[in-house]
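Peer 1: Just data-v9.cif, nothing more (mmCIF, C-alpha atoms):
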data_target
#
loop_
_atom_site.label_atom_id
_atom_site.label_comp_id
_atom_site.auth_asym_id
_atom_site.auth_seq_id
_atom_site.Cartn_x
_atom_site.Cartn_y
_atom_site.Cartn_z
CA CYS A 1 -0.30 -64.90 23.63
CA PRO A 2 -3.46 -66.24 21.95
CA VAL A 3 -5.50 -66.30 25.19
CA ARG A 4 -4.79 -62.66 25.97
CA PHE A 5 -5.53 -61.70 22.39
CA GLN A 6 -8.88 -63.46 22.58
CA GLN A 7 -9.66 -61.62 25.83
CA PHE A 8 -8.81 -58.38 24.06
CA HIS A 9 -11.36 -59.20 21.33
CA LEU A 10 -14.01 -60.13 23.87
CA SER A 11 -13.49 -56.98 25.90
CA PHE A 12 -14.12 -54.90 22.79
CA TYR A 13 -17.06 -57.11 21.86
CA PHE A 14 -18.85 -56.48 25.16
CA LEU A 15 -18.46 -52.74 24.83
CA HIS A 16 -19.58 -52.77 21.21
CA SER A 17 -22.59 -54.95 22.00
CA TYR A 18 -23.71 -52.40 24.56
CA PHE A 19 -23.68 -49.71 21.91
CA PHE A 20 -25.54 -51.97 19.50
CA ASN A 21 -28.31 -52.71 22.01
CA MET A 22 -28.76 -48.95 22.48
CA LEU A 23 -29.15 -48.49 18.76
CA SER A 24 -31.95 -50.95 18.08
CA SER A 25 -34.61 -48.22 18.19
CA ALA A 26 -32.83 -46.02 15.65
CA SER A 27 -32.44 -48.32 12.67
CA SER A 28 -34.00 -45.88 10.21
CA ARG A 29 -31.23 -43.41 10.93
CA MET A 30 -28.41 -45.93 10.79
CA LEU A 31 -26.47 -47.56 8.03
CA SER A 32 -27.33 -51.14 7.08
CA PHE A 33 -26.87 -53.74 9.80
CA ALA A 34 -24.22 -56.43 9.56
CA LYS A 35 -23.35 -59.42 11.66
CA LEU A 36 -20.25 -59.33 13.79
CA THR A 37 -18.88 -62.56 15.22
CA LEU A 38 -16.20 -62.53 17.89
CA GLY A 39 -15.21 -65.61 19.84
CA GLY A 40 -18.46 -67.37 19.00
CA HIS A 41 -20.63 -64.41 19.94
CA VAL A 42 -22.85 -62.71 17.40
CA ALA A 43 -24.23 -59.19 17.67
CA SER A 44 -26.09 -56.86 15.34
CA SER A 45 -23.81 -54.00 14.47
CA VAL A 46 -23.96 -50.72 12.59
CA GLY A 47 -22.44 -50.61 9.13
CA SER A 48 -19.44 -48.26 9.09
CA ARG A 49 -16.02 -49.69 9.90
CA PHE A 50 -14.53 -49.31 13.34
CA PHE A 51 -11.05 -50.39 12.39
CA GLN A 52 -10.24 -49.86 8.73
CA GLN A 53 -6.94 -51.70 8.55
CA ARG A 54 -6.74 -55.50 8.64
CA GLY A 55 -10.49 -55.94 9.28
CA PHE A 56 -9.97 -55.78 13.04
CA PHE A 57 -13.66 -55.06 13.49
CA SER A 58 -16.31 -54.56 10.86
CA ALA A 59 -18.62 -52.29 12.81
CA VAL A 60 -18.71 -48.95 14.48
CA PRO A 61 -20.32 -48.25 17.85
CA CYS A 62 -22.34 -45.10 18.06
CA VAL A 63 -25.02 -43.57 20.20
CA ALA A 64 -28.25 -42.80 18.44
CA SER A 65 -30.33 -40.17 20.12
CA SER A 66 -33.42 -38.37 18.93
CA SER A 67 -36.37 -36.96 20.78
CA THR A 68 -38.63 -38.49 18.16
CA HIS A 69 -37.09 -41.91 17.97
CA GLY A 70 -38.11 -44.33 20.68
CA SER A 71 -35.73 -44.77 23.57
CA CYS A 72 -33.08 -42.53 22.02
CA SER A 73 -34.12 -39.18 23.42
CA THR A 74 -31.02 -37.08 23.97
CA GLY A 75 -30.86 -34.91 20.85
CA ALA A 76 -28.92 -35.25 17.64
CA LEU A 77 -27.28 -38.42 16.39
CA VAL A 78 -23.95 -38.97 18.13
CA ARG A 79 -21.49 -41.14 16.26
CA ALA A 80 -19.01 -42.74 18.62
CA PHE A 81 -16.44 -43.82 16.05
CA SER A 82 -17.20 -44.22 12.37
CA SER A 83 -15.50 -43.91 9.03
CA SER A 84 -16.12 -41.16 6.52
CA GLY A 85 -15.64 -42.55 3.05
CA ALA A 86 -13.03 -45.02 1.95
CA GLY A 87 -10.23 -43.16 3.70
CA GLY A 88 -11.41 -44.24 7.13
CA VAL A 89 -11.48 -40.76 8.69
CA LEU A 90 -12.61 -41.07 12.30
CA VAL A 91 -15.61 -39.20 13.58
CA PRO A 92 -15.05 -39.16 17.34
CA ALA A 93 -17.55 -39.69 20.13
CA SER A 94 -19.22 -36.53 21.37
CA LEU A 95 -21.20 -35.46 24.38
CA PRO A 96 -24.93 -35.90 23.76
CA ASP A 97 -27.26 -32.99 24.43
CA LEU A 98 -29.77 -33.47 27.22
CA PRO A 99 -33.47 -33.36 26.29
CA TYR A 100 -34.14 -31.25 29.40
CA ASP A 101 -32.53 -28.42 31.36
CA TYR A 102 -30.07 -29.12 34.16
CA SER A 103 -32.68 -27.89 36.64
CA ALA A 104 -35.51 -30.01 35.22
CA LEU A 105 -34.91 -32.96 37.56
CA GLU A 106 -35.13 -30.93 40.77
CA PRO A 107 -35.76 -31.61 43.58
CA ALA A 108 -34.73 -35.23 42.98
CA ILE A 109 -31.41 -34.27 41.37
CA SER A 110 -30.11 -30.73 41.66
CA ALA A 111 -29.09 -28.53 38.76
CA ASP A 112 -25.56 -28.26 40.16
CA ILE A 113 -25.16 -32.04 40.13
CA MET A 114 -26.59 -32.36 36.63
CA LYS A 115 -24.33 -29.65 35.22
CA LEU A 116 -21.22 -31.12 36.81
CA HIS A 117 -22.18 -34.70 35.98
CA HIS A 118 -23.02 -34.07 32.34
CA SER A 119 -20.65 -31.30 31.27
CA LYS A 120 -17.60 -32.40 33.27
CA HIS A 121 -17.73 -36.10 34.18
CA HIS A 122 -19.41 -37.42 31.04
CA GLN A 123 -17.32 -35.11 28.88
CA THR A 124 -14.16 -36.51 30.47
CA TYR A 125 -15.14 -40.05 29.50
CA VAL A 126 -15.81 -38.92 25.94
CA THR A 127 -12.50 -37.08 25.70
CA ASN A 128 -10.51 -39.97 27.13
CA PHE A 129 -12.32 -42.54 24.99
CA ASN A 130 -11.47 -40.61 21.84
CA ALA A 131 -7.84 -40.27 22.85
CA THR A 132 -7.60 -43.96 23.73
CA MET A 133 -9.15 -45.08 20.46
CA GLU A 134 -6.65 -42.99 18.53
CA LYS A 135 -3.91 -44.90 20.36
CA VAL A 136 -5.59 -48.24 19.64
CA LEU A 137 -5.88 -47.44 15.95
CA ASP A 138 -2.27 -46.35 15.85
CA ALA A 139 -1.11 -49.52 17.60
CA GLN A 140 -3.22 -51.70 15.34
CA ALA A 141 -1.95 -49.93 12.22
CA LYS A 142 1.60 -50.65 13.37
CA GLY A 143 0.77 -54.29 14.11
CA ASP A 144 1.60 -53.70 17.78
CA THR A 145 -0.80 -56.18 19.38
CA ALA A 146 0.77 -55.85 22.82
CA ALA A 147 0.15 -52.10 22.87
CA ALA A 148 -3.44 -52.58 21.69
CA ILE A 149 -4.06 -55.17 24.43
CA ALA A 150 -2.60 -52.83 27.05
CA LEU A 151 -5.24 -50.23 26.12
CA GLN A 152 -8.27 -52.49 26.52
CA GLY A 153 -8.91 -51.41 30.12
CA ALA A 154 -9.00 -47.73 29.15
CA VAL A 155 -11.34 -48.48 26.24
CA LYS A 156 -13.73 -50.37 28.50
CA PHE A 157 -13.63 -47.76 31.27
CA ASN A 158 -13.98 -44.61 29.18
CA GLY A 159 -16.15 -46.12 26.46
CA GLY A 160 -18.32 -47.71 29.12
CA GLY A 161 -18.57 -44.37 30.88
CA HIS A 162 -19.80 -42.76 27.69
CA VAL A 163 -22.33 -45.50 26.94
CA ASN A 164 -23.59 -45.81 30.51
CA HIS A 165 -24.16 -42.09 30.92
CA SER A 166 -25.86 -41.81 27.54
CA ILE A 167 -28.33 -44.47 28.70
CA PHE A 168 -28.70 -42.76 32.09
CA TRP A 169 -29.74 -39.40 30.62
CA GLN A 170 -32.36 -41.14 28.48
CA ASN A 171 -33.65 -43.00 31.54
CA LEU A 172 -34.46 -39.72 33.31
CA CYS A 173 -37.19 -37.15 32.72
CA PRO A 174 -38.46 -33.95 34.35
CA VAL A 175 -40.81 -34.43 37.27
CA LYS A 176 -43.61 -32.79 35.29
CA ASP A 177 -43.27 -35.44 32.58
CA PHE A 178 -43.17 -38.42 34.90
CA THR A 179 -45.66 -41.23 34.29
CA PRO A 180 -45.60 -44.61 36.05
CA PRO A 181 -44.85 -47.80 34.11
CA GLU A 182 -47.75 -49.48 32.38
CA GLY A 183 -48.57 -52.10 29.79
CA ALA A 184 -46.03 -54.79 28.93
CA LEU A 185 -43.33 -53.23 31.11
CA LEU A 186 -45.49 -53.15 34.22
CA SER A 187 -46.66 -56.70 33.56
CA ALA A 188 -43.06 -57.89 33.24
CA ILE A 189 -42.11 -56.12 36.48
CA ASN A 190 -45.07 -57.63 38.32
CA ASP A 191 -44.35 -61.10 36.95
CA GLU A 192 -40.71 -61.01 38.01
CA PHE A 193 -40.80 -59.03 41.24
CA GLY A 194 -44.40 -59.17 42.46
CA SER A 195 -45.11 -55.44 42.27
CA LEU A 196 -43.54 -52.13 41.29
CA ASP A 197 -42.87 -51.31 44.94
CA ALA A 198 -41.15 -54.64 45.46
CA PHE A 199 -39.01 -54.07 42.38
CA GLN A 200 -37.98 -50.58 43.48
CA THR A 201 -37.12 -51.82 46.97
CA LYS A 202 -34.99 -54.67 45.61
CA PHE A 203 -33.31 -52.48 42.99
CA ALA A 204 -32.45 -49.77 45.53
CA ALA A 205 -31.05 -52.28 48.00
CA THR A 206 -28.96 -53.95 45.30
CA ALA A 207 -27.61 -50.66 43.95
CA ALA A 208 -26.92 -49.34 47.44
CA GLY A 209 -24.81 -52.42 48.05
CA VAL A 210 -22.37 -51.67 45.23
CA GLN A 211 -18.95 -51.44 46.84
CA GLY A 212 -17.19 -48.28 45.76
CA SER A 213 -18.36 -46.96 42.39
CA GLY A 214 -20.62 -48.58 39.84
CA TRP A 215 -24.12 -48.90 38.41
CA GLY A 216 -27.43 -50.53 39.24
CA TRP A 217 -29.28 -52.04 36.28
CA LEU A 218 -32.62 -53.42 35.26
CA GLY A 219 -31.91 -55.62 32.28
CA TYR A 220 -33.64 -58.01 29.94
CA ASP A 221 -32.38 -61.56 29.56
CA LYS A 222 -32.98 -62.60 25.97
CA ALA A 223 -32.31 -66.25 26.80
CA THR A 224 -35.09 -66.48 29.39
CA GLY A 225 -37.34 -63.61 28.31
CA ARG A 226 -37.28 -62.26 31.86
CA LEU A 227 -36.24 -59.09 33.63
CA ALA A 228 -33.33 -59.11 36.06
CA ILE A 229 -31.58 -56.73 38.44
CA THR A 230 -27.80 -56.60 38.34
CA THR A 231 -24.89 -54.30 39.09
CA THR A 232 -21.61 -53.48 37.42
CA ALA A 233 -18.44 -52.06 38.92
CA ASN A 234 -16.86 -48.80 37.84
CA GLN A 235 -17.96 -48.10 34.24
CA ASP A 236 -18.44 -51.70 33.10
CA PRO A 237 -21.36 -51.80 30.64
CA CYS A 238 -24.47 -53.80 31.49
CA VAL A 239 -23.89 -56.06 28.48
CA THR A 240 -20.93 -57.62 30.30
CA THR A 241 -23.53 -59.29 32.56
CA GLY A 242 -25.33 -60.83 29.59
CA LEU A 243 -28.34 -58.54 29.91
CA VAL A 244 -29.78 -55.91 27.58
CA PRO A 245 -29.83 -52.62 29.55
CA LEU A 246 -33.27 -51.13 30.17
CA LEU A 247 -32.66 -48.87 33.18
CA GLY A 248 -29.33 -47.81 34.60
CA VAL A 249 -28.74 -45.76 37.74
CA ASP A 250 -25.34 -44.25 38.38
CA VAL A 251 -24.16 -44.85 41.95
CA TRP A 252 -20.79 -43.17 41.64
CA GLU A 253 -20.57 -40.47 44.31
CA HIS A 254 -20.34 -37.76 41.67
CA ALA A 255 -23.97 -38.59 40.79
CA TYR A 256 -25.31 -37.58 44.19
CA TYR A 257 -22.70 -36.39 46.71
CA LEU A 258 -23.27 -32.62 46.34
CA GLN A 259 -26.89 -33.13 47.36
CA TYR A 260 -27.10 -36.34 49.35
CA LYS A 261 -23.55 -36.46 50.79
CA ASN A 262 -22.66 -40.08 51.54
CA VAL A 263 -26.26 -41.26 51.97
CA ARG A 264 -26.65 -43.24 48.78
CA PRO A 265 -30.02 -44.80 49.82
CA ASP A 266 -31.64 -41.35 49.95
CA TYR A 267 -30.53 -40.67 46.38
CA LEU A 268 -31.82 -44.06 45.27
CA LYS A 269 -35.17 -43.31 46.86
CA ALA A 270 -35.48 -39.90 45.19
CA VAL A 271 -34.44 -41.02 41.72
CA TRP A 272 -37.72 -42.89 41.21
CA ASP A 273 -39.45 -39.50 40.89
CA VAL A 274 -37.60 -38.81 37.64
CA VAL A 275 -37.33 -42.23 35.98
CA ASN A 276 -38.46 -42.07 32.37
CA TRP A 277 -40.56 -45.22 32.28
CA LYS A 278 -41.60 -44.53 28.69
CA ASP A 279 -37.96 -44.83 27.67
CA VAL A 280 -37.55 -48.03 29.70
CA ALA A 281 -40.66 -49.48 28.06
CA THR A 282 -39.35 -48.66 24.59
CA LYS A 283 -36.02 -50.31 25.39
CA LEU A 284 -37.87 -53.42 26.54
CA GLU A 285 -39.91 -53.49 23.34
CA HIS A 286 -36.80 -53.35 21.20
CA ALA A 287 -34.96 -55.88 23.37
CA LYS A 288 -37.76 -58.35 22.70
CA ALA A 289 -37.78 -57.71 18.94
#
Take the structure from the file and write it as structure tokens.

Peer 2:
Amino acid sequence: CPVRFQQFHLSFYFLHSYFFNMLSSASSRMLSFAKLTLGGHVASSVGSRFFQQRGFFSAVPCVASSSTHGSCSTGALVRAFSSSGAGGVLVPASLPDLPYDYSALEPAISADIMKLHHSKHHQTYVTNFNATMEKVLDAQAKGDTAAAIALQGAVKFNGGGHVNHSIFWQNLCPVKDFTPPEGALLSAINDEFGSLDAFQTKFAATAAGVQGSGWGWLGYDKATGRLAITTTANQDPCVTTGLVPLLGVDVWEHAYYLQYKNVRPDYLKAVWDVVNWKDVATKLEHAKA
């Protein structure tokens, strides 16, 4: 089934590309960059092998996070899946530390929500992603393409959940550290949306309109050099829309229900008080590079 096999490659490509976009600000802590081509698409990728056997992929996705390194501000380097030496020993994904306390985003987001969201929900995505990738590697090692294809949905969902939440934590900051957007970021927002208020109104309305669970995104379109608002369903990464993620807001009910019940617009109004615009600006800078 060559068409399904190609779709399998592309599904992995989109997820990997999302990781790679996150990593652009942490090149000094990464291995050398290589070029990965899948189905005509090219992405910058981190050196270590993702699949050791048969050259299935030549790169490893990982989440770089350091309080001193640009947009990556969630603690120590987190390797999603990489090889250790020639033997190809997997280093699994792990839950990133937060650069602030669970209570630091109050009153916008309660400590109870943050603790549950980070330590339970995000951890579940990490755990399930690791387990799924073990199955993918096993299937690939056995040459069982059908089994590997059957796992692509779980890879996208759990891997996307890990990537999306890692971006989300970086995109937030304590109220005391909040500063409004400025410089190139503010200019880009004004050029595209007219004003910051207009952008926030449009973003909130778009994210509130997500049916069921998903994410609201501010992304950068490399082809046009412009900002754009988009949404993704479930845990689909922003890269599947063709945009580089700058700001992601989780609109799954677990992100707000304990505090805001079913009133998603109230949550989307409050979240602006804790957006880390410095992180968004850094992501924009690297997206343009």

Peer 1: Find the distance between CA of Thr179 (chain A) and CA of Val163 (chain A) and write it in Å to one decimal.

Peer 2: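 CA of Val163 (chain A) lies at a distance of 24.8 Å from CA of Thr179 (chain A).
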
Peer 1: Between A:Asn262, A:Thr230, A:Gln123, A:Asn276, which is the closest to His165 (chain A) once you count only C-alpha atoms?

Peer 2: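 Using only C-alpha atoms, His165 (chain A) sits closest to A:Gln123.
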
Peer 1: Point out the residue among A:Ile109, A:Val249, A:Leu196, A:Ala146 with the least atom-to-atom distance to Asn164 (chain A), counting only C-alpha atoms.

Peer 2: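 Of all the options, A:Val249 lies closest to Asn164 (chain A).
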
Peer 1: I'd like the residues picked by the PyMOL selection byres ((chain A and resi 168) around 8) written out as JSON, numbers by chain, using the chain letters and numbers from the file.

Peer 2: {"A": [164, 165, 166, 167, 169, 170, 171, 172, 247, 248, 249, 250]}

Peer 1: What is the distance between CA of Ala131 (chain A) and CA of Asp97 (chain A), in Å to one decimal?

Peer 2: 20.8 Å

Peer 1: Generate the missing atoms of region 160-171 of chain A up to all heavy atoms and report them as a PDB file, in the coordinates of the input.

Peer 2:
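Dumped everything to result-v7.pdb:
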ATOM      1  N   GLY A 160     -17.198 -47.341  28.275  1.00  0.00           N
ATOM      2  CA  GLY A 160     -18.320 -47.710  29.120  1.00  0.00           C
ATOM      3  C   GLY A 160     -18.927 -46.511  29.811  1.00  0.00           C
ATOM      4  O   GLY A 160     -20.150 -46.390  29.933  1.00  0.00           O
ATOM      5  N   GLY A 161     -18.065 -45.582  30.251  1.00  0.00           N
ATOM      6  CA  GLY A 161     -18.570 -44.370  30.880  1.00  0.00           C
ATOM      7  C   GLY A 161     -19.428 -43.552  29.942  1.00  0.00           C
ATOM      8  O   GLY A 161     -20.461 -42.997  30.336  1.00  0.00           O
ATOM      9  N   HIS A 162     -19.015 -43.483  28.689  1.00  0.00           N
ATOM     10  CA  HIS A 162     -19.800 -42.760  27.690  1.00  0.00           C
ATOM     11  C   HIS A 162     -21.138 -43.445  27.421  1.00  0.00           C
ATOM     12  O   HIS A 162     -22.197 -42.812  27.424  1.00  0.00           O
ATOM     13  CB  HIS A 162     -18.987 -42.650  26.396  1.00  0.00           C
ATOM     14  CG  HIS A 162     -19.703 -41.982  25.273  1.00  0.00           C
ATOM     15  ND1 HIS A 162     -20.536 -40.893  25.439  1.00  0.00           N
ATOM     16  CD2 HIS A 162     -19.719 -42.252  23.930  1.00  0.00           C
ATOM     17  CE1 HIS A 162     -21.025 -40.509  24.261  1.00  0.00           C
ATOM     18  NE2 HIS A 162     -20.537 -41.342  23.340  1.00  0.00           N
ATOM     19  N   VAL A 163     -21.095 -44.750  27.224  1.00  0.00           N
ATOM     20  CA  VAL A 163     -22.330 -45.500  26.940  1.00  0.00           C
ATOM     21  C   VAL A 163     -23.274 -45.470  28.137  1.00  0.00           C
ATOM     22  O   VAL A 163     -24.479 -45.207  28.003  1.00  0.00           O
ATOM     23  CB  VAL A 163     -21.997 -46.950  26.562  1.00  0.00           C
ATOM     24  CG1 VAL A 163     -23.257 -47.766  26.398  1.00  0.00           C
ATOM     25  CG2 VAL A 163     -21.176 -46.989  25.289  1.00  0.00           C
ATOM     26  N   ASN A 164     -22.746 -45.746  29.319  1.00  0.00           N
ATOM     27  CA  ASN A 164     -23.590 -45.810  30.510  1.00  0.00           C
ATOM     28  C   ASN A 164     -24.289 -44.488  30.782  1.00  0.00           C
ATOM     29  O   ASN A 164     -25.489 -44.445  31.099  1.00  0.00           O
ATOM     30  CB  ASN A 164     -22.753 -46.212  31.725  1.00  0.00           C
ATOM     31  CG  ASN A 164     -22.239 -47.634  31.639  1.00  0.00           C
ATOM     32  OD1 ASN A 164     -22.694 -48.425  30.813  1.00  0.00           O
ATOM     33  ND2 ASN A 164     -21.277 -47.974  32.487  1.00  0.00           N
ATOM     34  N   HIS A 165     -23.549 -43.398  30.663  1.00  0.00           N
ATOM     35  CA  HIS A 165     -24.160 -42.090  30.920  1.00  0.00           C
ATOM     36  C   HIS A 165     -25.171 -41.717  29.845  1.00  0.00           C
ATOM     37  O   HIS A 165     -26.210 -41.092  30.152  1.00  0.00           O
ATOM     38  CB  HIS A 165     -23.080 -41.020  31.055  1.00  0.00           C
ATOM     39  CG  HIS A 165     -22.358 -41.050  32.364  1.00  0.00           C
ATOM     40  ND1 HIS A 165     -21.241 -41.826  32.587  1.00  0.00           N
ATOM     41  CD2 HIS A 165     -22.626 -40.430  33.547  1.00  0.00           C
ATOM     42  CE1 HIS A 165     -20.843 -41.664  33.837  1.00  0.00           C
ATOM     43  NE2 HIS A 165     -21.665 -40.830  34.450  1.00  0.00           N
ATOM     44  N   SER A 166     -24.899 -42.094  28.606  1.00  0.00           N
ATOM     45  CA  SER A 166     -25.860 -41.810  27.540  1.00  0.00           C
ATOM     46  C   SER A 166     -27.189 -42.517  27.811  1.00  0.00           C
ATOM     47  O   SER A 166     -28.269 -41.957  27.580  1.00  0.00           O
ATOM     48  CB  SER A 166     -25.293 -42.233  26.184  1.00  0.00           C
ATOM     49  OG  SER A 166     -24.143 -41.482  25.863  1.00  0.00           O
ATOM     50  N   ILE A 167     -27.125 -43.743  28.296  1.00  0.00           N
ATOM     51  CA  ILE A 167     -28.330 -44.470  28.700  1.00  0.00           C
ATOM     52  C   ILE A 167     -29.000 -43.770  29.891  1.00  0.00           C
ATOM     53  O   ILE A 167     -30.224 -43.591  29.935  1.00  0.00           O
ATOM     54  CB  ILE A 167     -27.987 -45.918  29.093  1.00  0.00           C
ATOM     55  CG1 ILE A 167     -27.668 -46.750  27.852  1.00  0.00           C
ATOM     56  CG2 ILE A 167     -29.120 -46.569  29.882  1.00  0.00           C
ATOM     57  CD1 ILE A 167     -28.879 -47.253  27.118  1.00  0.00           C
ATOM     58  N   PHE A 168     -28.191 -43.371  30.865  1.00  0.00           N
ATOM     59  CA  PHE A 168     -28.700 -42.760  32.090  1.00  0.00           C
ATOM     60  C   PHE A 168     -29.515 -41.502  31.793  1.00  0.00           C
ATOM     61  O   PHE A 168     -30.613 -41.307  32.333  1.00  0.00           O
ATOM     62  CB  PHE A 168     -27.518 -42.424  32.998  1.00  0.00           C
ATOM     63  CG  PHE A 168     -27.884 -41.897  34.361  1.00  0.00           C
ATOM     64  CD1 PHE A 168     -28.847 -42.518  35.147  1.00  0.00           C
ATOM     65  CD2 PHE A 168     -27.235 -40.783  34.880  1.00  0.00           C
ATOM     66  CE1 PHE A 168     -29.160 -42.043  36.420  1.00  0.00           C
ATOM     67  CE2 PHE A 168     -27.531 -40.295  36.145  1.00  0.00           C
ATOM     68  CZ  PHE A 168     -28.507 -40.926  36.917  1.00  0.00           C
ATOM     69  N   TRP A 169     -28.996 -40.626  30.935  1.00  0.00           N
ATOM     70  CA  TRP A 169     -29.740 -39.400  30.620  1.00  0.00           C
ATOM     71  C   TRP A 169     -31.077 -39.723  29.965  1.00  0.00           C
ATOM     72  O   TRP A 169     -32.078 -39.045  30.216  1.00  0.00           O
ATOM     73  CB  TRP A 169     -28.920 -38.501  29.693  1.00  0.00           C
ATOM     74  CG  TRP A 169     -27.519 -38.197  30.109  1.00  0.00           C
ATOM     75  CD1 TRP A 169     -26.406 -38.203  29.306  1.00  0.00           C
ATOM     76  CD2 TRP A 169     -27.047 -37.846  31.418  1.00  0.00           C
ATOM     77  NE1 TRP A 169     -25.291 -37.882  30.031  1.00  0.00           N
ATOM     78  CE2 TRP A 169     -25.649 -37.654  31.334  1.00  0.00           C
ATOM     79  CE3 TRP A 169     -27.675 -37.666  32.661  1.00  0.00           C
ATOM     80  CZ2 TRP A 169     -24.863 -37.302  32.424  1.00  0.00           C
ATOM     81  CZ3 TRP A 169     -26.889 -37.320  33.767  1.00  0.00           C
ATOM     82  CH2 TRP A 169     -25.521 -37.138  33.639  1.00  0.00           C
ATOM     83  N   GLN A 170     -31.112 -40.733  29.125  1.00  0.00           N
ATOM     84  CA  GLN A 170     -32.360 -41.140  28.480  1.00  0.00           C
ATOM     85  C   GLN A 170     -33.350 -41.704  29.498  1.00  0.00           C
ATOM     86  O   GLN A 170     -34.567 -41.583  29.338  1.00  0.00           O
ATOM     87  CB  GLN A 170     -32.083 -42.194  27.414  1.00  0.00           C
ATOM     88  CG  GLN A 170     -31.239 -41.734  26.249  1.00  0.00           C
ATOM     89  CD  GLN A 170     -30.792 -42.890  25.382  1.00  0.00           C
ATOM     90  OE1 GLN A 170     -31.136 -44.040  25.627  1.00  0.00           O
ATOM     91  NE2 GLN A 170     -30.008 -42.588  24.352  1.00  0.00           N
ATOM     92  N   ASN A 171     -32.820 -42.354  30.521  1.00  0.00           N
ATOM     93  CA  ASN A 171     -33.650 -43.000  31.540  1.00  0.00           C
ATOM     94  C   ASN A 171     -34.286 -42.023  32.512  1.00  0.00           C
ATOM     95  O   ASN A 171     -35.052 -42.431  33.388  1.00  0.00           O
ATOM     96  CB  ASN A 171     -32.825 -44.009  32.347  1.00  0.00           C
ATOM     97  CG  ASN A 171     -32.614 -45.334  31.645  1.00  0.00           C
ATOM     98  OD1 ASN A 171     -31.712 -46.075  32.015  1.00  0.00           O
ATOM     99  ND2 ASN A 171     -33.436 -45.669  30.658  1.00  0.00           N
TER     100      ASN A 171
END
